[in-house]
Amino acid sequence: MKRTKVIIALGGNALEEKGLPATAASQLEVVKQTVEYIADIIAAGYEVAIVHGNGPQVGRIHLASEAASDVTPSMPFDVCGAMSQGYIGYHIQQALKPAIAKRGIDLPVVSLVTQMVVDPSDPAFEHPTKPIGPFYSEKEALALADEKGYTVKEDSGRGWRRVVASPMPIKIVEIEPIKALWGKSVMVVSGGGGIPVVEQSDGSLAGVDAVIDKDFAAERLAEDLDADVLLILTEVEHASIYFRMSNEQKLKKLRVEEAERYIEEGHFAAGSMLPKMKASVAFAKSRKGRKAIIASLLKAGEAMEGRSGTAIEG
């Protein structure tokens with residue numbers, strides 16, 4: 001019997017926890033808790049690949065590199081993105097393999113450093129929106145902007161952060177080896193949306209200073225792998241309209257047309273719920289029978305069963 005193919009997009013809360021130190025050991029412990037929910041989905045018989053975010057991690061790696069520049073050369077942003085892919089993928093490999101083994105599943109877990117082609121003329125390069133790195137007070141953020149030339153913005157009522165360009169993904173460079181591994185392993189791919197690269201006139205690839213939104217990268221991967229479900233896991237149980245207002249309405253089941261109308265009306269924050277909704281709509285529209293789900297990590301299993309989350313279908 002054909003198994004349902006699911007691409008899981010993991011948000012920042014799945015990789016580190018607010019209030020805990022951002023050490024490697026602390027983040028690994030959070031990942032160990034996260035993969036229990038994914039292991040349950042795999043044990044239920046779904047075929048799974050994982051796309052993870054890297055905004056906080058790549059921001060800190062870049063900060064650390066800049067801070068140590070008088071001792072060792074600082075690394076460009078694309079290299080910092082590759083570094084974040086490597087260590088986050090390593091953590092997921094370390095945690096997920098024993099989690100599925102506990103459930104009687106003998107399946108390799110493999111992570112891939114993944115490049116994503118973007119358009120160098122994408123307007124996102126002129127209008128940065130993707131939050132990276134730690135949260136700051138407004139005073140701290142404006143001081144950093146003045147000192148380092150960063151673009152900073154308030155992030156959905158949670159504090160101020162640096163923002164960088166978030167161009168749309170066009171093509172996954174490593175899609176053929178990913179297809180070859182599909183079904184033979186649990187794959188951890190496109191970390192942080194993939195390392196953004198542009199194609200050169202000689203056919204080579206060059207990294208650029210940006211972070212691709214992992215929700216759009218997950219949608220690109222889901223289409224390329226002909227997946228059935230795009231599951232976007234985040235901090236909230238449902239997407240909402242009139243978010244944090246007295247008339248807030250949690251959304252449970254939406255047709256594409258309804259979701260597009262809510263997007264047009266401006267209900268979702270850029271850099272937060274907006275890319276999740278846009279990615280979900282794109283996937284649900286891409287082929288009849290496809291479904292996107294936005295749900296809480298803590299209720300991932302229930303969301304797959306239709307008992308939680310926001311489901312968007314064509």
# chains A, B, ... in the order shown; residues from 1 in each chain; ligands from 1

call {"tool": "residues_around", "arguments": {"residues": "segment 7-21 of chain A", "least_positions_apart": "6", "cutoff": "7 Å", "atoms": "only C-alpha atoms", "output": "mmCIF file with N, CA and C atoms, in the first residue's frame"}}
result
data_model
loop_
_atom_site.group_PDB
_atom_site.id
_atom_site.type_symbol
_atom_site.label_atom_id
_atom_site.label_comp_id
_atom_site.auth_asym_id
_atom_site.auth_seq_id
_atom_site.Cartn_x
_atom_site.Cartn_y
_atom_site.Cartn_z
ATOM 1 N N GLN A 27 20.325 23.105 23.175
ATOM 2 C CA GLN A 27 19.562 22.942 21.938
ATOM 3 C C GLN A 27 19.365 21.468 21.596
ATOM 4 N N VAL A 30 16.430 20.168 23.517
ATOM 5 C CA VAL A 30 15.161 20.588 22.924
ATOM 6 C C VAL A 30 14.842 19.738 21.706
ATOM 7 N N VAL A 31 15.854 19.484 20.867
ATOM 8 C CA VAL A 31 15.653 18.662 19.675
ATOM 9 C C VAL A 31 15.221 17.252 20.059
ATOM 10 N N THR A 34 11.632 17.426 20.601
ATOM 11 C CA THR A 34 10.935 17.674 19.342
ATOM 12 C C THR A 34 10.756 16.403 18.527
ATOM 13 N N VAL A 48 8.433 10.394 5.646
ATOM 14 C CA VAL A 48 8.712 11.739 6.146
ATOM 15 C C VAL A 48 10.054 12.274 5.657
ATOM 16 N N ALA A 49 10.067 13.562 5.318
ATOM 17 C CA ALA A 49 11.302 14.340 5.184
ATOM 18 C C ALA A 49 11.113 15.632 5.979
ATOM 19 N N ILE A 50 12.209 16.167 6.478
ATOM 20 C CA ILE A 50 12.165 17.305 7.408
ATOM 21 C C ILE A 50 12.916 18.494 6.815
ATOM 22 N N VAL A 51 12.290 19.662 6.911
ATOM 23 C CA VAL A 51 12.953 20.926 6.593
ATOM 24 C C VAL A 51 12.946 21.759 7.869
ATOM 25 N N HIS A 52 14.081 22.295 8.259
ATOM 26 C CA HIS A 52 14.137 23.058 9.515
ATOM 27 C C HIS A 52 14.551 24.498 9.274
ATOM 28 N N GLY A 53 14.115 25.366 10.172
ATOM 29 C CA GLY A 53 14.537 26.758 10.153
ATOM 30 C C GLY A 53 15.931 26.910 10.755
ATOM 31 N N ASN A 54 16.481 28.117 10.613
ATOM 32 C CA ASN A 54 17.809 28.375 11.201
ATOM 33 C C ASN A 54 18.013 29.838 11.561
ATOM 34 N N LYS A 214 12.001 28.868 5.571
ATOM 35 C CA LYS A 214 11.915 27.407 5.523
ATOM 36 C C LYS A 214 10.534 26.916 5.094
ATOM 37 N N ASP A 215 9.497 27.734 5.276
ATOM 38 C CA ASP A 215 8.161 27.323 4.844
ATOM 39 C C ASP A 215 8.075 27.270 3.319
ATOM 40 N N ALA A 218 10.189 24.322 2.194
ATOM 41 C CA ALA A 218 9.469 23.069 2.425
ATOM 42 C C ALA A 218 8.411 22.863 1.344
ATOM 43 N N ALA A 222 8.229 19.819 -1.170
ATOM 44 C CA ALA A 222 7.015 18.997 -1.194
ATOM 45 C C ALA A 222 6.507 18.814 -2.621
ATOM 46 N N ALA A 227 4.813 15.146 -2.723
ATOM 47 C CA ALA A 227 4.275 14.798 -1.407
ATOM 48 C C ALA A 227 2.765 15.005 -1.370
ATOM 49 N N VAL A 229 1.195 15.749 1.836
ATOM 50 C CA VAL A 229 0.893 16.667 2.936
ATOM 51 C C VAL A 229 2.110 17.534 3.222
ATOM 52 N N LEU A 230 1.878 18.819 3.405
ATOM 53 C CA LEU A 230 2.882 19.747 3.925
ATOM 54 C C LEU A 230 2.463 20.108 5.337
ATOM 55 N N LEU A 231 3.240 19.688 6.322
ATOM 56 C CA LEU A 231 2.925 19.922 7.733
ATOM 57 C C LEU A 231 3.888 20.961 8.284
ATOM 58 N N ILE A 232 3.379 22.152 8.575
ATOM 59 C CA ILE A 232 4.198 23.249 9.097
ATOM 60 C C ILE A 232 3.959 23.345 10.600
ATOM 61 N N LEU A 233 4.989 23.030 11.373
ATOM 62 C CA LEU A 233 4.864 23.003 12.828
ATOM 63 C C LEU A 233 5.424 24.283 13.427
ATOM 64 N N THR A 234 4.668 24.862 14.354
ATOM 65 C CA THR A 234 5.025 26.157 14.910
ATOM 66 C C THR A 234 4.639 26.215 16.388
ATOM 67 N N GLU A 235 4.527 27.430 16.939
ATOM 68 C CA GLU A 235 4.248 27.577 18.366
ATOM 69 C C GLU A 235 2.760 27.596 18.687
#

call {"tool": "residues_around", "arguments": {"residues": "Ala270 of chain A", "least_positions_apart": "5", "cutoff": "10 Å", "atoms": "only C-alpha atoms", "output": "ChimeraX atom specification"}}
result
/A:129-131,155-156,275-276

call {"tool": "residues_around", "arguments": {"residues": "Val198 of chain A", "least_positions_apart": "5", "cutoff": "12 Å", "atoms": "only C-alpha atoms", "output": "ChimeraX atom specification"}}
result
/A:78,115-122,167-173,203-210

call {"tool": "select_by_dssp", "arguments": {"residues": "segment 187-232 of chain A", "states": "strand (DSSP E or B)", "output": "list in words"}}
result
Met187, Val188, Val189, Ile195, Pro196, Val197, Val198, Glu199, Leu205, Ala206, Gly207, Val229, Leu230, Leu231 and Ile232 of chain A

call {"tool": "select_by_dssp", "arguments": {"residues": "segment 205-236 of chain A", "states": "alpha helix (DSSP H)", "output": "ChimeraX atom specification"}}
result
/A:214-224

call {"tool": "closest_residue", "arguments": {"among": "A:His267, A:Arg220, A:His127, A:Lys2", "to": "Val163 of chain A", "atoms": "only C-alpha atoms"}}
result
A:His127
